[in-house]
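Taking it in order: structure first as structure tokens, then the write-up.
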Amino acid sequence: ARDSRPPAARAPGRQTRPPARSSADVNERVRNMSVSEQMQLARRGDQMERTALERAYGKTVWEALLANPRITHPEIARIARKGTLPRPLLERIVDTSGWLSSAQIRRALLANRKLTREMVAKVLRATPRSELKLMPKQRAYPPLVRELAEKLLGSS
């Protein structure tokens with residue numbers, strides 16, 4: 001049978017894109033990676049690979065995942081919600097205005113009890129007034145968030 005691939009794809013030593021893979025394949029491959037391979041994949045991988053990395057290695061790959069330009073807002077929110085997220089990574093999320101524009105990420109950050117008073121204030125200042133009005137009454141938020149939201153509403 002004749003090979004119907006273009007000549008460049010048939011050239012020896014040329015790597016082609018692997019066929020579609022299952023999440024089990026990705027999970028297996030991720031589990032067998034060295035630390036440097038994990039970090040490289042976290043910075044460049046697709047969503048399936050990023051999810052597998054976080055499930056397998058958790059906090060050891062969070063910094064590299066946040067450096068991935070293709071990371072999605074739901075992924076950032078999932079990381080921001082973690083109570084074990086180190087303060088420098090929380091600060092990085094809070095200081096990225098593009099991420100703070102997402103209501104999902106703001107809610108995840110405000111639910112994280114590790115946020116400092118300054119970080120909470122910064123997130124609240126990025127929150128639309130209509131959302132801010134609801135916060136003092138919502139018990140899902142820590143007392144600090146409710147208190148600062150009320151102060152911010154009173155001062156404006």
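In the structure tokens, each chain is lettered A, B, ... as it comes, each chain's residues begin at 1, and ligands are numbered from 1 in order of appearance.
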Exercise. Can you list, as a list of chain:residue names, every protein, DNA or RNA residue that comes within 8 Å of A:Leu53 when you count only C-alpha atoms, leaving out same-chain residues fewer than 3 positions away?
Worked result: A:Asn27, A:Val30, A:Gln38, A:Ala42, A:Glu49, A:Arg50, A:Ala56, A:Tyr57, A:Gly58, A:Val61
Hey, can you spit out that residue selection with N, CA and C atoms as an mmCIF file, in the first residue's frame?
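Now in part.cif:
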```cif
data_model
loop_
_atom_site.group_PDB
_atom_site.id
_atom_site.type_symbol
_atom_site.label_atom_id
_atom_site.label_comp_id
_atom_site.auth_asym_id
_atom_site.auth_seq_id
_atom_site.Cartn_x
_atom_site.Cartn_y
_atom_site.Cartn_z
ATOM 1 N N ASN A 27 -2.435 10.798 31.533
ATOM 2 C CA ASN A 27 -2.128 10.594 32.952
ATOM 3 C C ASN A 27 -0.933 9.667 33.131
ATOM 4 N N VAL A 30 2.272 11.525 32.109
ATOM 5 C CA VAL A 30 2.613 12.549 33.097
ATOM 6 C C VAL A 30 3.237 11.915 34.341
ATOM 7 N N GLN A 38 8.064 17.834 33.720
ATOM 8 C CA GLN A 38 6.798 18.308 34.296
ATOM 9 C C GLN A 38 6.685 19.817 34.167
ATOM 10 N N ALA A 42 4.048 21.855 31.985
ATOM 11 C CA ALA A 42 3.130 22.774 32.676
ATOM 12 C C ALA A 42 3.136 24.143 32.012
ATOM 13 N N GLU A 49 -3.281 18.072 29.479
ATOM 14 C CA GLU A 49 -1.982 17.834 30.118
ATOM 15 C C GLU A 49 -1.855 18.644 31.409
ATOM 16 N N ARG A 50 -2.325 19.883 31.395
ATOM 17 C CA ARG A 50 -2.261 20.713 32.605
ATOM 18 C C ARG A 50 -3.097 20.109 33.727
ATOM 19 N N ALA A 56 -1.693 15.062 39.449
ATOM 20 C CA ALA A 56 -0.597 14.192 39.866
ATOM 21 C C ALA A 56 0.378 14.884 40.822
ATOM 22 N N TYR A 57 0.649 16.164 40.608
ATOM 23 C CA TYR A 57 1.723 16.822 41.346
ATOM 24 C C TYR A 57 1.302 18.029 42.165
ATOM 25 N N GLY A 58 0.067 18.500 42.011
ATOM 26 C CA GLY A 58 -0.465 19.594 42.828
ATOM 27 C C GLY A 58 0.430 20.807 42.911
ATOM 28 N N VAL A 61 3.577 22.061 40.723
ATOM 29 C CA VAL A 61 3.487 22.573 39.348
ATOM 30 C C VAL A 61 2.653 23.855 39.225
#
```
Exercise. Hey, what's within 8 Å of stretch 105-107 of chain A if we count only C-alpha atoms and toss same-chain stuff fewer than 3 positions away? As a PyMOL selection string, please?
Worked result: chain A and resi 73-74+76-77+80+99-102+110-111+123+127
For this session: Determine which residues of stretch 6-85 of chain A DSSP labels as helix (DSSP H, G or I) from the backbone of this structure, then write them out as a ChimeraX atom specification.
Result: /A:7-10,23-31,35-44,47-60,62-66,73-80
Near A:Gln40, within 12 Å and counting only C-alpha atoms, which residues show up once chain neighbours fewer than 3 positions away are dropped, as a PDB file with C-alpha atoms, in the first residue's frame?
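Saved to around-v3.pdb:
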```pdb
ATOM      1  CA  VAL A  30       2.613  12.549  33.097  1.00  0.00           C
ATOM      2  CA  MET A  33       7.993  12.407  33.740  1.00  0.00           C
ATOM      3  CA  SER A  34      11.066  13.897  35.339  1.00  0.00           C
ATOM      4  CA  VAL A  35      10.670  17.144  37.282  1.00  0.00           C
ATOM      5  CA  SER A  36      12.112  19.223  34.420  1.00  0.00           C
ATOM      6  CA  GLU A  37       9.718  17.552  31.948  1.00  0.00           C
ATOM      7  CA  ARG A  43       4.389  25.900  30.883  1.00  0.00           C
ATOM      8  CA  ARG A  44       3.473  24.709  27.389  1.00  0.00           C
ATOM      9  CA  GLY A  45       0.936  21.882  27.650  1.00  0.00           C
ATOM     10  CA  ASP A  46      -2.669  21.802  26.583  1.00  0.00           C
ATOM     11  CA  GLU A  49      -1.982  17.834  30.118  1.00  0.00           C
ATOM     12  CA  ARG A  50      -2.261  20.713  32.605  1.00  0.00           C
ATOM     13  CA  LEU A  53      -0.150  17.515  35.923  1.00  0.00           C
ATOM     14  CA  VAL A  61       3.487  22.573  39.348  1.00  0.00           C
ATOM     15  CA  GLU A  63       3.843  28.195  39.507  1.00  0.00           C
ATOM     16  CA  ALA A  64       4.658  26.691  36.098  1.00  0.00           C
ATOM     17  CA  LEU A  65       0.950  26.278  35.298  1.00  0.00           C
ATOM     18  CA  ALA A  67       3.132  30.792  33.596  1.00  0.00           C
ATOM     19  CA  ASN A  68       1.338  28.944  30.770  1.00  0.00           C
TER      20      ASN A  68
END
```
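Of the listed residues A:Leu124, A:Leu144, A:Ala103, A:Met48, the one whose atoms come nearest to A:Val26 is A:Met48, with distances taken using only C-alpha atoms.
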For this session: Excluding A:Leu152 and residues on its chain fewer than 3 positions from it, collect all residues at most 9 Å away from it, counting only C-alpha atoms, and give them as number ranges by chain.
Result: A: 121, 124-125, 132, 147-149, 155-156
Keeping only N, CA and C atoms, write the selected residues to a file as a PDB file, in the first residue's frame.
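And here's out.pdb as it stands now:
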```pdb
ATOM      1  N   ALA A 121      -8.567  43.837  49.597  1.00  0.00           N
ATOM      2  CA  ALA A 121      -8.969  45.182  49.164  1.00  0.00           C
ATOM      3  C   ALA A 121      -8.754  45.356  47.661  1.00  0.00           C
ATOM      4  N   LEU A 124     -11.468  43.464  45.822  1.00  0.00           N
ATOM      5  CA  LEU A 124     -12.756  44.151  45.965  1.00  0.00           C
ATOM      6  C   LEU A 124     -12.825  45.410  45.097  1.00  0.00           C
ATOM      7  N   ARG A 125     -11.705  46.121  44.969  1.00  0.00           N
ATOM      8  CA  ARG A 125     -11.696  47.314  44.111  1.00  0.00           C
ATOM      9  C   ARG A 125     -11.904  46.943  42.637  1.00  0.00           C
ATOM     10  N   LEU A 132     -20.415  43.804  44.579  1.00  0.00           N
ATOM     11  CA  LEU A 132     -19.928  44.271  45.875  1.00  0.00           C
ATOM     12  C   LEU A 132     -21.079  44.443  46.865  1.00  0.00           C
ATOM     13  N   GLU A 147     -16.462  42.589  55.751  1.00  0.00           N
ATOM     14  CA  GLU A 147     -16.169  43.866  56.413  1.00  0.00           C
ATOM     15  C   GLU A 147     -15.608  44.887  55.420  1.00  0.00           C
ATOM     16  N   LEU A 148     -14.619  44.483  54.629  1.00  0.00           N
ATOM     17  CA  LEU A 148     -14.008  45.416  53.677  1.00  0.00           C
ATOM     18  C   LEU A 148     -14.984  45.800  52.561  1.00  0.00           C
ATOM     19  N   ALA A 149     -15.837  44.873  52.152  1.00  0.00           N
ATOM     20  CA  ALA A 149     -16.834  45.191  51.121  1.00  0.00           C
ATOM     21  C   ALA A 149     -17.789  46.258  51.650  1.00  0.00           C
ATOM     22  N   SER A 155     -17.811  54.091  51.655  1.00  0.00           N
ATOM     23  CA  SER A 155     -16.924  55.211  51.314  1.00  0.00           C
ATOM     24  C   SER A 155     -17.148  55.733  49.911  1.00  0.00           C
ATOM     25  N   SER A 156     -17.973  55.034  49.122  1.00  0.00           N
ATOM     26  CA  SER A 156     -18.156  55.506  47.745  1.00  0.00           C
ATOM     27  C   SER A 156     -19.487  56.159  47.509  1.00  0.00           C
TER      28      SER A 156
END
```
Can you tell me which residues surround A:Leu109 at a distance of at most 9 Å, considering only C-alpha atoms, apart from same-chain residues fewer than 4 positions away, and format the answer as a short mmCIF file (atom, residue, chain, number, x, y, z; two decimals) with N, CA and C atoms, in the first residue's frame?
```
data_model
loop_
_atom_site.label_atom_id
_atom_site.label_comp_id
_atom_site.auth_asym_id
_atom_site.auth_seq_id
_atom_site.Cartn_x
_atom_site.Cartn_y
_atom_site.Cartn_z
N ALA A 77 -8.96 29.82 38.65
CA ALA A 77 -9.88 29.86 39.79
C ALA A 77 -9.70 28.63 40.67
N ALA A 80 -6.56 29.23 42.60
CA ALA A 80 -6.72 30.34 43.53
C ALA A 80 -7.53 29.95 44.77
N ARG A 81 -8.39 28.99 44.63
CA ARG A 81 -9.25 28.55 45.73
C ARG A 81 -8.48 27.71 46.76
N LYS A 82 -7.33 27.18 46.37
CA LYS A 82 -6.57 26.26 47.24
C LYS A 82 -6.05 26.98 48.48
N LEU A 90 -0.49 33.62 45.19
CA LEU A 90 -1.73 34.38 45.40
C LEU A 90 -1.52 35.82 44.95
N ILE A 93 -1.61 36.13 41.17
CA ILE A 93 -2.96 36.10 40.62
C ILE A 93 -3.66 37.44 40.87
N VAL A 94 -3.55 37.95 42.10
CA VAL A 94 -4.19 39.22 42.46
C VAL A 94 -3.62 40.37 41.63
N GLN A 104 -15.28 34.70 38.23
CA GLN A 104 -14.98 33.37 38.76
C GLN A 104 -13.67 33.38 39.55
N ILE A 105 -12.67 34.06 39.04
CA ILE A 105 -11.37 34.12 39.73
C ILE A 105 -11.49 35.00 40.98
N ARG A 113 -8.86 31.95 52.46
CA ARG A 113 -8.62 32.62 53.75
C ARG A 113 -7.17 33.08 53.92
N LYS A 114 -6.29 32.71 52.98
CA LYS A 114 -4.89 33.14 53.08
C LYS A 114 -4.66 34.55 52.52
N LEU A 115 -5.67 35.12 51.90
CA LEU A 115 -5.51 36.46 51.34
C LEU A 115 -5.29 37.47 52.46
N VAL A 120 -7.24 41.39 49.64
CA VAL A 120 -8.70 41.41 49.61
C VAL A 120 -9.18 42.76 49.10
N VAL A 123 -8.76 43.02 45.33
CA VAL A 123 -9.77 42.23 44.61
C VAL A 123 -11.12 42.93 44.66
#
```
Exercise. Hey, which of A:Leu89, A:Gly98, A:Arg146, A:Arg55 ends up closest to A:Thr72? Count only C-alpha atoms.
Worked result: A:Gly98
Exercise. Between atom CA of A:Pro142 and atom CA of A:Glu54, what is the distance, to one decimal in Å?
Worked result: 26.3 Å
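Pairwise distance (atom CA of A:Ser97, atom CA of A:Glu75) equals 16.2 Å.
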